[in-house]
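target-v5.cif follows (mmCIF, C-alpha atoms):
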data_work
#
loop_
_atom_site.label_atom_id
_atom_site.label_comp_id
_atom_site.auth_asym_id
_atom_site.auth_seq_id
_atom_site.Cartn_x
_atom_site.Cartn_y
_atom_site.Cartn_z
CA MET D 247 72.84 -103.37 63.78
CA VAL D 248 74.51 -102.60 67.14
CA GLN D 249 77.89 -101.99 65.48
CA TYR D 250 78.67 -99.42 68.17
CA SER D 251 78.76 -102.11 70.81
CA SER D 252 80.31 -104.94 68.81
CA GLY D 253 83.25 -105.23 71.21
CA LEU D 254 80.87 -105.45 74.13
CA LEU D 255 78.84 -108.19 72.42
CA ASP D 256 82.03 -110.02 71.41
CA ALA D 257 83.17 -110.05 75.04
CA SER D 258 79.87 -111.08 76.58
CA PHE D 259 79.06 -113.84 74.08
CA ALA D 260 82.63 -115.16 74.47
CA ALA D 261 82.19 -115.06 78.26
CA LEU D 262 78.96 -117.07 77.93
CA SER D 263 80.57 -119.69 75.67
CA ASP D 264 81.86 -121.79 78.57
CA VAL D 265 79.73 -124.02 80.79
CA THR D 266 81.73 -123.16 83.95
CA ARG D 267 81.38 -119.43 83.38
CA ARG D 268 77.64 -119.80 82.82
CA GLY D 269 77.52 -121.87 86.02
CA VAL D 270 79.35 -119.11 87.93
CA LEU D 271 76.79 -116.55 86.74
CA GLU D 272 73.94 -118.84 87.82
CA GLN D 273 75.59 -119.29 91.22
CA LEU D 274 76.11 -115.53 91.69
CA GLY D 275 72.49 -115.02 90.67
CA ARG D 276 71.60 -116.87 93.87
CA ALA D 277 74.27 -115.45 96.22
CA ASN D 278 77.62 -113.67 96.21
CA ALA D 279 80.62 -115.99 96.58
CA SER D 280 84.37 -115.82 97.05
CA ILE D 281 86.77 -117.09 94.39
CA THR D 282 87.67 -119.95 96.75
CA GLU D 283 84.03 -120.97 97.22
CA LEU D 284 83.50 -120.93 93.44
CA ALA D 285 86.68 -122.96 92.85
CA VAL D 286 85.49 -125.61 95.34
CA LYS D 287 81.97 -125.68 93.91
CA PHE D 288 83.20 -126.18 90.35
CA CYS D 289 86.05 -128.53 91.35
CA MET D 290 88.71 -126.24 89.88
CA THR D 291 92.03 -124.78 90.90
CA LEU D 292 92.04 -121.24 92.27
CA THR D 293 94.09 -120.16 89.25
CA GLY D 294 91.57 -121.66 86.84
CA MET D 295 88.63 -120.00 88.59
CA LYS D 296 90.46 -116.64 88.73
CA LYS D 297 90.84 -116.79 84.94
CA HIS D 298 87.14 -117.52 84.41
CA VAL D 299 86.11 -114.74 86.79
CA GLY D 300 88.53 -112.39 84.98
CA VAL D 301 86.80 -113.11 81.65
CA LEU D 302 83.38 -112.48 83.22
CA GLU D 303 84.65 -109.29 84.90
CA GLN D 304 86.06 -107.91 81.64
CA ALA D 305 82.66 -108.46 80.01
CA GLY D 306 80.97 -106.52 82.83
CA LEU D 307 79.01 -109.58 83.94
CA VAL D 308 80.74 -109.91 87.32
CA THR D 309 82.34 -107.46 89.74
CA THR D 310 84.80 -108.42 92.46
CA GLU D 311 85.88 -106.76 95.67
CA LYS D 312 88.82 -107.74 97.83
CA VAL D 313 88.39 -107.32 101.59
CA GLY D 314 91.40 -108.59 103.51
CA ARG D 315 92.44 -111.82 101.85
CA VAL D 316 89.04 -112.68 100.44
CA ARG D 317 87.94 -111.61 96.96
CA THR D 318 84.14 -111.65 96.77
CA CYS D 319 82.35 -111.95 93.43
CA LYS D 320 78.88 -110.66 92.64
CA LEU D 321 76.83 -110.06 89.50
CA GLY D 322 78.07 -107.07 87.52
CA PRO D 323 76.14 -104.11 86.15
CA ARG D 324 75.31 -105.65 82.78
CA ARG D 325 71.87 -107.24 82.43
CA LEU D 326 72.51 -108.78 78.97
CA GLU D 327 69.98 -106.42 77.36
CA LYS D 328 71.91 -105.98 74.11
CA GLU D 329 72.60 -109.71 73.88
CA ALA D 330 68.91 -110.53 74.41
CA ALA D 331 67.94 -107.87 71.83
CA TRP D 332 70.42 -109.23 69.27
CA ILE D 333 69.13 -112.80 69.67
CA GLU D 334 65.51 -111.64 69.49
CA ARG D 335 66.15 -109.76 66.22
CA HIS D 336 67.88 -112.83 64.80
CA ARG D 337 64.91 -115.01 65.71
CA GLN D 338 62.56 -112.58 63.96
CA LEU D 339 64.72 -112.67 60.81
CA TRP D 340 64.85 -116.49 61.07
CA ASP D 341 61.06 -116.69 61.35
CA SER D 342 60.48 -114.39 58.38
CA ARG D 343 63.00 -116.34 56.24
CA PHE D 344 61.34 -119.67 57.01
CA ASP D 345 57.86 -118.17 56.50
CA GLU D 346 59.03 -117.18 53.00
CA LEU D 347 60.27 -120.73 52.37
CA ASP D 348 56.96 -122.15 53.61
CA LYS D 349 55.11 -119.93 51.10
CA VAL D 350 57.37 -121.13 48.25
CA VAL D 351 56.76 -124.78 49.20
CA GLU D 352 52.97 -124.22 49.52
CA GLU D 353 52.88 -122.46 46.13
CA GLN D 354 54.83 -125.34 44.58
CA GLU D 355 52.46 -127.91 46.08
CA ARG D 356 49.42 -125.92 44.87
CA LYS D 357 50.84 -125.82 41.32
CA GLU D 358 51.57 -129.57 41.37
CA MET D 359 48.02 -130.25 42.54
CA VAL D 360 46.53 -128.11 39.74
CA ASP D 361 48.83 -129.77 37.16
CA GLY D 362 47.76 -133.22 38.45
CA ARG D 363 44.08 -132.36 38.00
CA ARG D 364 44.70 -131.08 34.45
CA LYS D 365 46.45 -134.30 33.50
CA LYS D 366 43.49 -136.34 34.82
CA VAL D 367 41.10 -134.19 32.75
CA MET A 257 70.20 -125.66 84.15
CA VAL A 258 70.49 -126.91 80.56
CA GLN A 259 73.56 -129.02 81.38
CA TYR A 260 72.45 -131.53 78.75
CA SER A 261 73.06 -129.00 75.99
CA SER A 262 76.14 -127.27 77.39
CA GLY A 263 78.22 -128.19 74.32
CA LEU A 264 75.55 -126.74 72.07
CA LEU A 265 75.43 -123.51 74.07
CA ASP A 266 79.24 -123.34 74.16
CA ALA A 267 79.35 -123.61 70.36
CA SER A 268 76.57 -121.13 69.64
CA PHE A 269 77.70 -118.44 72.09
CA ALA A 270 81.27 -118.82 70.75
CA ALA A 271 79.92 -118.49 67.20
CA LEU A 272 78.10 -115.29 68.21
CA SER A 273 81.20 -113.78 69.83
CA ASP A 274 82.53 -112.32 66.58
CA VAL A 275 81.14 -109.25 64.83
CA THR A 276 81.71 -110.70 61.34
CA ARG A 277 79.89 -113.93 62.19
CA ARG A 278 76.97 -111.98 63.64
CA GLY A 279 76.99 -109.89 60.45
CA VAL A 280 76.88 -113.05 58.31
CA LEU A 281 73.83 -114.27 60.24
CA GLU A 282 72.12 -110.90 59.77
CA GLN A 283 72.92 -111.03 56.04
CA LEU A 284 71.58 -114.59 55.67
CA GLY A 285 68.48 -113.49 57.58
CA ARG A 286 67.76 -111.26 54.59
CA ALA A 287 68.84 -113.57 51.74
CA ASN A 288 70.95 -116.66 51.05
CA ALA A 289 74.47 -115.90 49.81
CA SER A 290 77.51 -117.69 48.44
CA ILE A 291 80.79 -117.77 50.35
CA THR A 292 82.26 -115.46 47.68
CA GLU A 293 79.46 -112.92 48.05
CA LEU A 294 79.91 -112.93 51.84
CA ALA A 295 83.69 -112.56 51.52
CA VAL A 296 83.24 -109.52 49.24
CA LYS A 297 80.59 -107.97 51.48
CA PHE A 298 82.74 -108.28 54.61
CA CYS A 299 86.01 -107.40 52.80
CA MET A 300 87.64 -110.70 53.70
CA THR A 301 89.59 -113.43 51.96
CA LEU A 302 87.69 -116.52 50.85
CA THR A 303 89.72 -118.57 53.34
CA GLY A 304 88.81 -116.27 56.21
CA MET A 305 85.11 -116.33 55.34
CA LYS A 306 85.16 -120.13 54.96
CA LYS A 307 86.48 -120.39 58.52
CA HIS A 308 83.76 -118.11 59.90
CA VAL A 309 81.05 -120.02 58.00
CA GLY A 310 82.54 -123.30 59.30
CA VAL A 311 82.19 -122.09 62.91
CA LEU A 312 78.57 -121.05 62.27
CA GLU A 313 77.85 -124.35 60.52
CA GLN A 314 79.25 -126.41 63.40
CA ALA A 315 76.98 -124.51 65.79
CA GLY A 316 73.96 -125.34 63.59
CA LEU A 317 73.36 -121.66 62.81
CA VAL A 318 74.16 -121.92 59.10
CA THR A 319 73.85 -124.69 56.51
CA THR A 320 75.72 -124.76 53.22
CA GLU A 321 75.14 -126.55 49.94
CA LYS A 322 77.57 -126.85 47.06
CA VAL A 323 76.10 -126.80 43.57
CA GLY A 324 78.79 -126.90 40.89
CA ARG A 325 81.53 -124.56 42.04
CA VAL A 326 79.32 -122.38 44.21
CA ARG A 327 78.74 -123.04 47.92
CA THR A 328 75.54 -121.34 49.02
CA CYS A 329 74.95 -120.46 52.67
CA LYS A 330 71.59 -120.12 54.37
CA LEU A 331 70.32 -119.93 57.93
CA GLY A 332 70.55 -123.28 59.70
CA PRO A 333 67.91 -125.16 61.69
CA ARG A 334 68.70 -123.59 65.06
CA ARG A 335 66.54 -120.68 66.16
CA LEU A 336 68.62 -119.79 69.26
CA GLU A 337 65.78 -120.90 71.60
CA LYS A 338 68.07 -122.32 74.28
CA GLU A 339 70.35 -119.29 74.12
CA ALA A 340 67.40 -116.91 74.47
CA ALA A 341 66.03 -119.01 77.36
CA TRP A 342 69.40 -119.03 79.16
CA ILE A 343 69.76 -115.25 78.87
CA GLU A 344 66.16 -114.70 80.01
CA ARG A 345 66.69 -116.86 83.12
CA HIS A 346 69.89 -114.95 83.88
CA ARG A 347 68.07 -111.63 83.60
CA GLN A 348 65.40 -112.85 86.01
CA LEU A 349 68.09 -113.90 88.52
CA TRP A 350 69.82 -110.55 88.02
CA ASP A 351 66.57 -108.66 88.67
CA SER A 352 65.80 -110.61 91.82
CA ARG A 353 69.36 -110.11 93.15
CA PHE A 354 69.21 -106.37 92.59
CA ASP A 355 65.68 -106.17 94.03
CA GLU A 356 67.12 -107.75 97.20
CA LEU A 357 69.90 -105.16 97.27
CA ASP A 358 67.37 -102.35 96.75
CA LYS A 359 65.43 -103.62 99.78
CA VAL A 360 68.60 -103.70 101.90
CA VAL A 361 69.46 -100.11 100.86
CA GLU A 362 65.88 -98.91 101.50
CA GLU A 363 65.84 -100.58 104.92
CA GLN A 364 69.20 -98.96 105.74
CA GLU A 365 67.93 -95.52 104.64
CA ARG A 366 64.73 -95.98 106.70
CA LYS A 367 66.78 -96.85 109.80
CA GLU A 368 69.07 -93.86 109.29
CA MET A 369 66.03 -91.57 108.96
CA VAL A 370 64.49 -92.95 112.18
CA ASP A 371 67.84 -92.60 114.00
CA GLY A 372 68.16 -89.02 112.71
CA ARG A 373 64.70 -88.12 114.11
CA ARG A 374 65.53 -89.68 117.49
CA LYS A 375 68.73 -87.62 117.74
CA LYS A 376 66.78 -84.40 117.02
CA VAL A 377 64.24 -85.32 119.75
#

Let me see the file written as structure tokens.
Amino acid sequence: MVQYSSGLLDASFAALSDVTRRGVLEQLGRANASITELAVKFCMTLTGMKKHVGVLEQAGLVTTEKVGRVRTCKLGPRRLEKEAAWIERHRQLWDSRFDELDKVVEEQERKEMVDGRRKKV
Amino acid sequence: MVQYSSGLLDASFAALSDVTRRGVLEQLGRANASITELAVKFCMTLTGMKKHVGVLEQAGLVTTEKVGRVRTCKLGPRRLEKEAAWIERHRQLWDSRFDELDKVVEEQERKEMVDGRRKKV
């Protein structure tokens, strides 16, 4: 499963594993913003925000452009398709595993019920 | 957006950011397995696999049970609902942002076409 893009998935899931970075993506989903604006919004130092934006940029989730002294951030080209597909496949596997377990439990309960009736007879 | 569960999302996205851990989840989606079986399958040391399983367990994606000397791993209670929901919301924001950009580009092209016609006249 998606071995060819494992590095890509590693990078994007790692980028998403921080509440500030997810917040930055949500913010850029509403409007582009400069590093300074993001740093103010998330009460961080410029250096700290630059690091977070760097992680998002490396994962292809954000692109930045420097015009004069201002570096503007916007959503990158990646639409998290592979990530969504991976999670969806996992949920399908999860469902089928727990359906199997449900069947085992139901079968067990059915047997116990039949055994109980036999003992009464 | 889902601030209340930010720690949970941090842990699960971090757990998913490694190709071996994703592979373990895929494997457990097919059948339960012992730590030893997983270590052999992924060509790792027992210690290395224990660490990976520990990360998955802390994120609620795997549960383990020790019977005798064997620790068996199976899929945990979490079905990645919040993770899927977060990614879906991000994709919707992404789509609406790029729809806006498309409109700006189309409007620009329309203006250029009109200006071009005026110059010819």

Counting only C-alpha atoms, chain D residues within 6 Å of chain A, as a ChimeraX atom specification: /D:252,256,259-260,263-265,275,325,337,339-340

Output of the above residues as a compact mmCIF listing (two decimals), keeping the file's coordinate frame, restricted to C-alpha atoms:
# COMPACT_ATOMS: atom_id res chain seq x y z
CA SER D 252 80.31 -104.94 68.81
CA ASP D 256 82.03 -110.02 71.41
CA PHE D 259 79.06 -113.84 74.08
CA ALA D 260 82.63 -115.16 74.47
CA SER D 263 80.57 -119.69 75.67
CA ASP D 264 81.86 -121.79 78.57
CA VAL D 265 79.73 -124.02 80.79
CA GLY D 275 72.49 -115.02 90.67
CA ARG D 325 71.87 -107.24 82.43
CA ARG D 337 64.91 -115.01 65.71
CA LEU D 339 64.72 -112.67 60.81
CA TRP D 340 64.85 -116.49 61.07

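CA of Gln364 (chain A) is found 22.4 Å from CA of Thr309 (chain D).
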
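Interatomic distance, CA of Glu363 (chain A) to CA of Lys375 (chain A): 18.5 Å.
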
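The interatomic distance for the pair CA of Leu347 (chain D) and CA of Thr320 (chain A) works out to 16.0 Å.
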